[in-house]
Amino acid sequence: MEAVLSDDPDLQVLAVRPISADENMPPRKAINYKALNGTAQVGERVLLNTVAVELDLGTGGYDFVVGIVGRELEDEPPGHLIKLRYTPIQTPVLAVEAPESPFHSLLESFSPLQGTPVVCCGLHSQIGPVCFAVHAVFKERGYGGRVAYIMTDSAALPIAWSHLVRELKQSGLLQTTITCGQAFGGDYEAINLYSALQAARQVASADVILVCQGPGNAGTQTALGFSGVDQSLALNAATALEGRPICVPRISFADKRPRHHGVSQQTLMVLERLVVGSVWLPLSVMPSPMRDIVLTTLQQRGILEKHMVEEVETEALFNAMATYRWTTMGRKPQEDPYFFRTALAAGVVAAQSVCNTR
């Protein structure tokens, strides 16, 4: 390992050179997750997983450090729960529900969410505008509310991979993170989505709970083969635990792919087939041609009758959000406005429901 290019609390970007590489070749970039390997030092030899770069996957050209040669982690395990189980990089974590956790007694018995809004996204890029809208409404109402984000394990497993989460926490738009299932690295670790929801309310004191997969969603152009199907699992879990399930639909008029133009086929599958009960479905106010396309699509699929649609004005919030350089599929908010406006609408509905009950 030749250099540390950046060093965050949970993640390092390293410059590495394979032993057999030509000296004239530039070094490769590699990600080191400290939770798995500890902090790497210049001059140490590292074992790399290079498959993402070799297959030209969407990881930004990074290899991943599997281990540091000759290094053994000497710290005591934080808890007995293992994540990434039965893999060469399985790692112990302190589960928030575990007997050794200080919160075990708090979570020992079933506790309903009592109407806490649970905003369920399909794409990771939706969580930024949701958090922004929630806190904008809280600020306007003079309420100091808290947002907790539960990251599921259908996409990226380390939450440290998300630059967006790091930015949201640093800017005060997100207060707590919980990683559930095999995902890891959140402020709290949870065994499953249901216990993560309970922990978000009971331990993190969240006023609004946000649930979404991490970065790196996968799709196969099939009806059910997409990682964002987690959205339906989250909506059903929120309903079962007596929360207020709010769906963030994937809406775009900039995406040229027919399956994602207008209302995404993935959203339609979730709302028509996979969600068992009725959920809240916020929409941004849109010009007539776009609104007609969206509402006609929802009506044809029986979604308007099944779910509770609410249209929200998002113009002022969208303009205020311009200071953040968020993107989705490489597109900026100005290039794909109704993708971002729809997420803003969901945040508004969630925050207003909290303020109206206080």
# chains A, B, ... in the order shown; residues from 1 in each chain; ligands from 1

$ select_by_dssp --residues "segment 226-300 of chain A" --states "alpha helix (DSSP H)" --output "list in words"
Asp230, Gln231, Ser232, Leu233, Ala234, Leu235, Asn236, Ala237, Ala238, Thr239, Ala240, Gln265, Gln266, Thr267, Leu268, Met269, Ser288, Pro289, Met290, Arg291, Asp292, Ile293, Val294, Leu295, Thr296, Thr297, Leu298, Gln299 and Gln300 of chain A

$ residues_around --residues "Thr314 of chain A" --least-positions-apart "2" --cutoff "9 Å" --atoms "only C-alpha atoms" --output "mmCIF file with C-alpha atoms, in the first residue's frame"
data_model
loop_
_atom_site.group_PDB
_atom_site.id
_atom_site.type_symbol
_atom_site.label_atom_id
_atom_site.label_comp_id
_atom_site.auth_asym_id
_atom_site.auth_seq_id
_atom_site.Cartn_x
_atom_site.Cartn_y
_atom_site.Cartn_z
ATOM 1 C CA SER A 284 -45.679 16.485 -6.024
ATOM 2 C CA VAL A 285 -47.909 18.991 -7.770
ATOM 3 C CA VAL A 312 -48.108 18.394 -2.269
ATOM 4 C CA ALA A 316 -40.185 26.371 -2.719
ATOM 5 C CA LEU A 317 -38.509 23.302 -1.234
ATOM 6 C CA PHE A 318 -37.108 22.273 -4.604
ATOM 7 C CA ASN A 319 -35.525 25.705 -5.072
ATOM 8 C CA ARG A 341 -39.936 16.630 -6.031
ATOM 9 C CA THR A 342 -41.760 13.371 -5.339
ATOM 10 C CA LEU A 344 -39.739 16.034 -1.149
ATOM 11 C CA ALA A 345 -43.503 15.518 -1.108
ATOM 12 C CA VAL A 348 -43.533 16.949 3.780
#

$ residues_around --residues "Gln198 of chain A" --least-positions-apart "2" --cutoff "12 Å" --atoms "only C-alpha atoms" --output "ChimeraX atom specification"
/A:96-97,103-104,106-114,116,118,148,150,178,180,188,190-196,200-206,209,237-238,240-243

$ residues_around --residues "Asp336 of chain A" --least-positions-apart "5" --cutoff "10 Å" --atoms "only C-alpha atoms" --output "ChimeraX atom specification"
/A:251-255,327-331,341

$ select_by_dssp --residues "segment 153-305 of chain A" --states "strand (DSSP E)" --output "PyMOL selection string"
chain A and resi 176-180+188-190+208-212+244-247+251-252+262-263+280-284

$ residues_around --residues "segment 22-30 of chain A" --least-positions-apart "5" --cutoff "10 Å" --atoms "only C-alpha atoms" --output "list of chain:residue names"
A:Met1, A:Glu2, A:Ala3, A:Val4, A:Leu5, A:Gln12, A:Val13, A:Leu14, A:Ala15, A:Val16, A:Arg17, A:Val46, A:Leu48, A:Asn49, A:Thr50, A:Val53, A:Gly60, A:Gly61, A:Tyr62, A:Asp63, A:Phe64, A:Val65

$ write_last_selection --atoms "N, CA and C atoms" --output "PDB file, in the first residue's frame"
ATOM      1  N   MET A   1       0.848  -1.177   0.000  1.00  0.00           N
ATOM      2  CA  MET A   1       0.000   0.000   0.000  1.00  0.00           C
ATOM      3  C   MET A   1       0.894   1.241   0.000  1.00  0.00           C
ATOM      4  N   GLU A   2       0.656   2.136  -0.978  1.00  0.00           N
ATOM      5  CA  GLU A   2       1.558   3.267  -1.178  1.00  0.00           C
ATOM      6  C   GLU A   2       1.127   4.544  -0.468  1.00  0.00           C
ATOM      7  N   ALA A   3      -0.180   4.768  -0.345  1.00  0.00           N
ATOM      8  CA  ALA A   3      -0.632   6.032   0.230  1.00  0.00           C
ATOM      9  C   ALA A   3      -2.075   5.905   0.705  1.00  0.00           C
ATOM     10  N   VAL A   4      -2.446   6.762   1.641  1.00  0.00           N
ATOM     11  CA  VAL A   4      -3.840   6.902   2.073  1.00  0.00           C
ATOM     12  C   VAL A   4      -4.380   8.158   1.392  1.00  0.00           C
ATOM     13  N   LEU A   5      -5.311   7.963   0.478  1.00  0.00           N
ATOM     14  CA  LEU A   5      -5.844   9.092  -0.294  1.00  0.00           C
ATOM     15  C   LEU A   5      -6.892   9.872   0.482  1.00  0.00           C
ATOM     16  N   GLN A  12     -11.364   4.103   4.523  1.00  0.00           N
ATOM     17  CA  GLN A  12     -10.170   4.694   3.921  1.00  0.00           C
ATOM     18  C   GLN A  12     -10.177   4.427   2.420  1.00  0.00           C
ATOM     19  N   VAL A  13      -9.649   5.378   1.663  1.00  0.00           N
ATOM     20  CA  VAL A  13      -9.359   5.165   0.253  1.00  0.00           C
ATOM     21  C   VAL A  13      -7.850   5.075   0.127  1.00  0.00           C
ATOM     22  N   LEU A  14      -7.368   3.950  -0.378  1.00  0.00           N
ATOM     23  CA  LEU A  14      -5.933   3.683  -0.437  1.00  0.00           C
ATOM     24  C   LEU A  14      -5.430   3.685  -1.875  1.00  0.00           C
ATOM     25  N   ALA A  15      -4.181   4.025  -2.047  1.00  0.00           N
ATOM     26  CA  ALA A  15      -3.484   3.824  -3.320  1.00  0.00           C
ATOM     27  C   ALA A  15      -2.635   2.574  -3.157  1.00  0.00           C
ATOM     28  N   VAL A  16      -2.901   1.571  -3.988  1.00  0.00           N
ATOM     29  CA  VAL A  16      -2.217   0.288  -3.852  1.00  0.00           C
ATOM     30  C   VAL A  16      -1.613  -0.110  -5.195  1.00  0.00           C
ATOM     31  N   ARG A  17      -0.545  -0.884  -5.129  1.00  0.00           N
ATOM     32  CA  ARG A  17       0.099  -1.368  -6.349  1.00  0.00           C
ATOM     33  C   ARG A  17       0.303  -2.868  -6.206  1.00  0.00           C
ATOM     34  N   VAL A  46      -1.771  -5.584   1.512  1.00  0.00           N
ATOM     35  CA  VAL A  46      -3.203  -5.839   1.661  1.00  0.00           C
ATOM     36  C   VAL A  46      -3.647  -6.869   0.622  1.00  0.00           C
ATOM     37  N   LEU A  48      -6.607  -7.932  -1.839  1.00  0.00           N
ATOM     38  CA  LEU A  48      -7.666  -7.199  -2.514  1.00  0.00           C
ATOM     39  C   LEU A  48      -8.675  -8.121  -3.191  1.00  0.00           C
ATOM     40  N   ASN A  49      -9.925  -7.668  -3.213  1.00  0.00           N
ATOM     41  CA  ASN A  49     -10.940  -8.227  -4.094  1.00  0.00           C
ATOM     42  C   ASN A  49     -11.074  -7.256  -5.261  1.00  0.00           C
ATOM     43  N   THR A  50     -10.741  -7.707  -6.460  1.00  0.00           N
ATOM     44  CA  THR A  50     -10.690  -6.823  -7.632  1.00  0.00           C
ATOM     45  C   THR A  50     -11.815  -7.088  -8.622  1.00  0.00           C
ATOM     46  N   VAL A  53     -13.805  -4.097 -10.384  1.00  0.00           N
ATOM     47  CA  VAL A  53     -13.059  -3.371 -11.414  1.00  0.00           C
ATOM     48  C   VAL A  53     -12.898  -4.231 -12.652  1.00  0.00           C
ATOM     49  N   GLY A  60     -17.182   2.858  -9.092  1.00  0.00           N
ATOM     50  CA  GLY A  60     -16.269   3.988  -9.179  1.00  0.00           C
ATOM     51  C   GLY A  60     -14.827   3.612  -9.402  1.00  0.00           C
ATOM     52  N   GLY A  61     -14.563   2.372  -9.841  1.00  0.00           N
ATOM     53  CA  GLY A  61     -13.195   1.967 -10.120  1.00  0.00           C
ATOM     54  C   GLY A  61     -12.387   1.586  -8.896  1.00  0.00           C
ATOM     55  N   TYR A  62     -13.045   1.143  -7.837  1.00  0.00           N
ATOM     56  CA  TYR A  62     -12.349   0.781  -6.608  1.00  0.00           C
ATOM     57  C   TYR A  62     -12.235  -0.732  -6.449  1.00  0.00           C
ATOM     58  N   ASP A  63     -11.070  -1.182  -5.954  1.00  0.00           N
ATOM     59  CA  ASP A  63     -10.947  -2.522  -5.401  1.00  0.00           C
ATOM     60  C   ASP A  63     -11.349  -2.450  -3.924  1.00  0.00           C
ATOM     61  N   PHE A  64     -11.449  -3.620  -3.277  1.00  0.00           N
ATOM     62  CA  PHE A  64     -11.844  -3.648  -1.875  1.00  0.00           C
ATOM     63  C   PHE A  64     -10.852  -4.493  -1.080  1.00  0.00           C
ATOM     64  N   VAL A  65     -10.451  -3.971   0.062  1.00  0.00           N
ATOM     65  CA  VAL A  65      -9.495  -4.663   0.915  1.00  0.00           C
ATOM     66  C   VAL A  65     -10.199  -5.785   1.668  1.00  0.00           C
TER      67      VAL A  65
END

$ atom_distance --atom1 "atom CA of Gly144 of chain A" --atom2 "atom CA of Glu313 of chain A"
22.6 Å

$ atom_distance --atom1 "atom CA of Phe340 of chain A" --atom2 "atom CA of Gly219 of chain A"
20.6 Å

$ closest_atom_pairs --of "segment 34-108 of chain A" --to "segment 157-164 of chain A" --cutoff "12 Å" --atoms "only C-alpha atoms" --output "tab-separated table"
residue	atom	partner	partner_atom	distance
A:Lys34	CA	A:Ala160	CA	9.5
A:Ala35	CA	A:Pro158	CA	9.2
A:Leu36	CA	A:Pro158	CA	9.9
A:Thr59	CA	A:Trp161	CA	9.7
A:Gly60	CA	A:Trp161	CA	11.1
A:Tyr62	CA	A:Trp161	CA	11.3
A:Phe64	CA	A:Trp161	CA	11.2
A:Lys83	CA	A:Leu157	CA	9.8
A:Leu84	CA	A:Leu157	CA	8.7
A:Thr91	CA	A:Pro158	CA	11.8

$ atom_distance --atom1 "atom CA of Pro92 of chain A" --atom2 "atom CA of Gly67 of chain A"
15.5 Å
